[in-house]
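Colleague: Sending over a structure as structure tokens; questions will come in a sec.
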Amino acid sequence: MGKYVTDCLCANSCYYGRGEKRRDADALLKFKDGLSNNVDALGSWNNSTSPCSGNYANWIGVLCTDGDIWGLQLENMGLTGDIDVDALLLLPHLRTLSFTNNKFDGDFPDFYKLGALKSLFLSNNQFSGSIPDNAFAGMASLKKLYLSHNAFQGNVPTSLAQLPKLIELRLEGNQFTGLLPNFQQKDLRDVNVSYNQLEGPIPPALINVSPTSFSGNKDLCGKPLDSVCKSSELNPNPPNSSSNVPSPSSVPTLEDAPNKKTSTLKIAMIVIVCGVALAAIIVLLIIYCRSRNQTSQLGRPESSSYKHSTSLAAAASLHTAGLVKPTELSCRSSKKGVAAAELGKLSFVRDDRERFDLQDLLRASAEVLGSGNFGSSYKAVLLDGQAVVVKRFKLMNNVGREEFHEHMRRLGRLRHPNLLPLVAYYYRKEEKLLVFDFVHNGSLASHLHGNHSVEQPGLDWPARLKIVKGVARGLVHLQSELPSLIVAHGHLKSSNVLLNEVFEPLLMDYTLAPLVNQEHAQQILVAYKSPEYAQHGRTTKKTDVWSLGILILEILTGKFPANYLAQGTGNLASWVDSIVKDQETARVFDEEMGSYAKNGTAEEEEMLRLFKIGVACCQEDVEKRLDLKEAVEKIEELKESHSDIVVDDHV
Ligand SMILES: Nc1ncnc2c1ncn2[C@@H]1O[C@H](COP(=O)(O)OP(=O)(O)OP(=O)(O)O)[C@@H](O)[C@H]1O
């Protein structure tokens with residue numbers, strides 16, 4: 001419990017007694033006053049509660065730590081009006097601000113006043129006009145700045161080049177003009193200025209950035225692009241300042257540039273050669289697509305040795321009649337005139353993986369694993385024997401390309417023994433494909449509720465405890481790596497826990513909420529079945545703890561929360577109540593655990609302790625519910641038995 005709650009022991013009535021907390025609430029209410037259409041979205045911002053109780057936020061979109069407000073995450077709310085920076089100035093602990101995906105417009109607000117800010121996310125709004133050159137002067141702590149997909153004009157402010165800690169800078173999809181400032185920050189690694197109207201040399205510090213981060217501009221030149229800067233571009237004389245000019249020392253020099261006549265000739269040659277090559281590729285693709293379509297129309301199986309297996313393309317079409325088949329992904333794109341090089345291209349998020357492309361997947365023998373709420377999952381075995389799972393997601397069409405790429409990159413950076421790593425993805429407006437490694441032991445759900453045999457015996461107590469510990473560790477990692485998300489997993493349930501060959505659990509389908517269409521998310525994602533969402537229409541940092549509690553009770557009792565998976569149904573509280581009542585009157589532990597679950601054994605005592613933790617995680621009242629840290633600490637203390645046998649958890 002956070003210090004504020006422990007100090008007060010009464011969350012609501014005391015906070016007016018504490019000047020600091022009162023000041024925070026007043027500051028936010030003042031901020032809210034500046035907004036125009038905030039009535040519904042910020043309904044929880046009112047005087048009946050304090051914004052924070054410990055680490056828990058009573059007000060939507062407020063990020064709390066120990067009772068202090070360290071961030072605001074007001075995303076996808078349709079907000080307009082004024083961003084009252086002076087009101088935010090009254091929040092001394094504020095470090096992060098996100099207004100992504102709203103409708104704010106007008107000039108860039110005076111964020112320079114918030115000198116301690118570490119991250120600022122304003123993407124996908126309607127801000128416009130020039131940003132003053134010194135707009136970021138004094139923001140020495142700023143690490144992440146996202147201004148993409150607005151309508152900013154004028155020069156990229158030179159004060160950005162003076163931010164010592166800047167590591168992520170996203171300016172794509174605006175109308176910035178002129179030269180890039182001479183960025184020199186060595187840690188500036190995630191930069192994107194594509195689709196502006198920038199020109200001139202790319203600063204030397206950015207030569208290792210991907211060339212696509214500069215595409216769609218008027219006339220940028222120099223590395224990492226292929227276009228060599230002309231001498232006039234290397235020594236431009238911009239009206240604004242010399243600090244805008246990258247040092248010419250490491251960009252190509254005059255000697256590198258051929259004379260004008262030769263270079264014009266060369267450019268003409270290159271254009272012709274590229275044109276011919278492009279035409280040839282398009283013709284080949286059309287032939288290829290036609291031949292594949294004919295094959296699939298004939299329904300010829302690619303492999304007769306698999307009872308349920310066929311090519312992924314055929315599997316997809318068999319299973320999703322009426323939907324776009326993966327085979328068509330590349331063909332349709334070509335009709336729309338997308339560059340040939342982009343066709344069938346999977347984006348890989350990890351460097352340690354061997355690359356394959358969509359065509360390899362389509363050629364692979366494939367098997368339908370199942371059909372979930374979002375679409376179907378296929379197991380595909382590539383020619384080199386590598387088994388992967390391709391998941392099709394259809395309910396993510398409100399998310400923009402850049403936002404999707406950004407989210408995938410974030411997921412790609414996650415590394416933990418209890419998280420199923422994302423391998424690659426494919427973006428298309430109507431449908432997304434996510435590729436993961438195939439996990440051999442299947443899902444926890446199938447082990448708990450499927451038929452048991454000699455090959456698949458029931459899970460014993462040590463195995464179940466190991467699974468609970470692994471799941472808890474995976475959740476902690478997600479929460480600590482993605483602190484800006486209110487719900488880090490959001491879809492925790494037994495079919496989304498896979499078991500590897502040593503029964504180590506791997507969480508999957510995590511962090512989908514920012515991508516899934518809002519209306520579908522509320523129908524499908526487990527987080528939206530929590531009591532806090534049912535009662536107050538909001539999720540919290542403890543929502544994943546609720547799902548963990550349900551999972552613990554399911555693992556201990558072997559009882560399947562039937563309503564849990566059904567689309568559109570909510571409240572699981574009655575399921576929890578029935579389990580608790582059963583426990584009071586009889587032994588509820590799954591008999592599949594055999595002698596371990598017998599009355600009075602040391603193991604049964606440990607099971608009881610875990611049961612209590614599960615119930616404490618399922619408290620409907622969020623205030624009374626354990627937070628993740630507390631839950632994990634208690635889970636880690638559990639042993640296979642009271643006789644101190646430590647679980648061999650392979651982590
Ligand atoms: N990487 C994987 N390795 C092995 N089995 C997998 C893998 N990914 C998914 N599965 C299995 O494929 C089946 C379908 O999974 P899918 O995620 O499509 O649906 P779900 O988990 O049942 O529901 P939801 O769409 O709500 O998550 C499930 O039984 C799941 O356990």
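If you're wondering about the labels, chains in the structure tokens are A, B, ... by order shown, residues count from 1 in each chain, ligands from 1 in order shown.
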Just want the residues within 6 Å of ligand 1, written as number ranges by chain, counting only C-alpha atoms and all ligand atoms.

Modeller: A: 369-374, 376-377, 389, 436-439, 442-443, 495-496

Colleague: Write out as a ChimeraX atom specification which residues come within 6 Å of Ala472 (chain A) when counting only C-alpha atoms, dropping same-chain ones fewer than 3 positions away.

Modeller: /A:469,475,632

Colleague: Let's have the selection written as an mmCIF file, in the first residue's frame, with N, CA and C atoms.

Modeller:
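File part_16.cif, as written:
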```cif
data_model
loop_
_atom_site.group_PDB
_atom_site.id
_atom_site.type_symbol
_atom_site.label_atom_id
_atom_site.label_comp_id
_atom_site.auth_asym_id
_atom_site.auth_seq_id
_atom_site.Cartn_x
_atom_site.Cartn_y
_atom_site.Cartn_z
ATOM 1 N N LYS A 469 4.206 -19.256 -10.605
ATOM 2 C CA LYS A 469 5.366 -18.377 -10.384
ATOM 3 C C LYS A 469 5.823 -17.740 -11.696
ATOM 4 N N LEU A 475 4.290 -11.232 -15.716
ATOM 5 C CA LEU A 475 3.465 -10.018 -15.547
ATOM 6 C C LEU A 475 4.291 -8.868 -14.977
ATOM 7 N N VAL A 632 3.124 -10.988 -6.047
ATOM 8 C CA VAL A 632 4.281 -11.763 -6.498
ATOM 9 C C VAL A 632 5.182 -12.129 -5.318
#
```

Colleague: Which of region 357-598 of chain A end up as strand (DSSP E or B) when DSSP is run on this backbone - answer as a PyMOL selection string?

Modeller: chain A and resi 365-371+376-381+387-393+419+422-428+431-437+443+497-499+505-507

Colleague: Can you tell me which residues surround Val193 (chain A) at a distance of at most 7 Å, considering only C-alpha atoms, apart from same-chain residues fewer than 4 positions away, and format the answer as a PyMOL selection string?

Modeller: chain A and resi 170-172+213-214

Colleague: If we count only C-alpha atoms and set the cut-off at 9 Å, which residues sit around Asn47 (chain A), ignoring sequence neighbours fewer than 3 positions away in its own chain? Please answer as a ChimeraX atom specification.

Modeller: /A:25-26,29,44,50-51

Colleague: Output C-alpha atoms for every residue in that selection, as an mmCIF file, in the first residue's frame.

Modeller:
```cif
data_model
loop_
_atom_site.group_PDB
_atom_site.id
_atom_site.type_symbol
_atom_site.label_atom_id
_atom_site.label_comp_id
_atom_site.auth_asym_id
_atom_site.auth_seq_id
_atom_site.Cartn_x
_atom_site.Cartn_y
_atom_site.Cartn_z
ATOM 1 C CA ALA A 25 -6.416 17.529 -7.523
ATOM 2 C CA ASP A 26 -7.006 21.242 -7.998
ATOM 3 C CA LEU A 29 -9.391 20.065 -12.292
ATOM 4 C CA SER A 44 -13.870 10.223 -12.759
ATOM 5 C CA SER A 50 -8.240 11.978 -4.717
ATOM 6 C CA PRO A 51 -6.471 11.414 -8.061
#
```

Colleague: For Arg350 (chain A), which residue out of A:Lys118, A:Pro421, A:Asn102, A:Arg464 is the nearest one, using only C-alpha atoms?

Modeller: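 Answer, going by the shortest atom-to-atom distance: A:Pro421.
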
Colleague: Could you list, with a cut-off of 12 Å and counting only C-alpha atoms, the residues of region 490-593 of chain A near region 403-406 of chain A, each shown with its nearest atom pair and the distance in Å rounded to one decimal, rows sorted by chain and ascending number, as CSV?

Modeller:
```
residue,atom,partner,partner_atom,distance
A:Leu512,CA,A:Phe404,CA,10.7
A:Ala513,CA,A:Phe404,CA,11.9
A:Pro514,CA,A:Phe404,CA,9.1
A:Leu515,CA,A:Phe404,CA,7.1
A:Val516,CA,A:Phe404,CA,10.4
```

Colleague: With C-alpha atoms retained, write the just-selected residues as a tab-separated table (two decimals), in the first residue's frame.

Modeller:
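Result file is again.tsv:
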```
chain	number	residue	atom	x	y	z
A	512	LEU	CA	-3.10	-6.01	-27.30
A	513	ALA	CA	-5.40	-3.34	-25.84
A	514	PRO	CA	-3.70	-0.36	-27.55
A	515	LEU	CA	-4.22	-2.04	-30.94
A	516	VAL	CA	-7.65	-3.63	-30.79
```
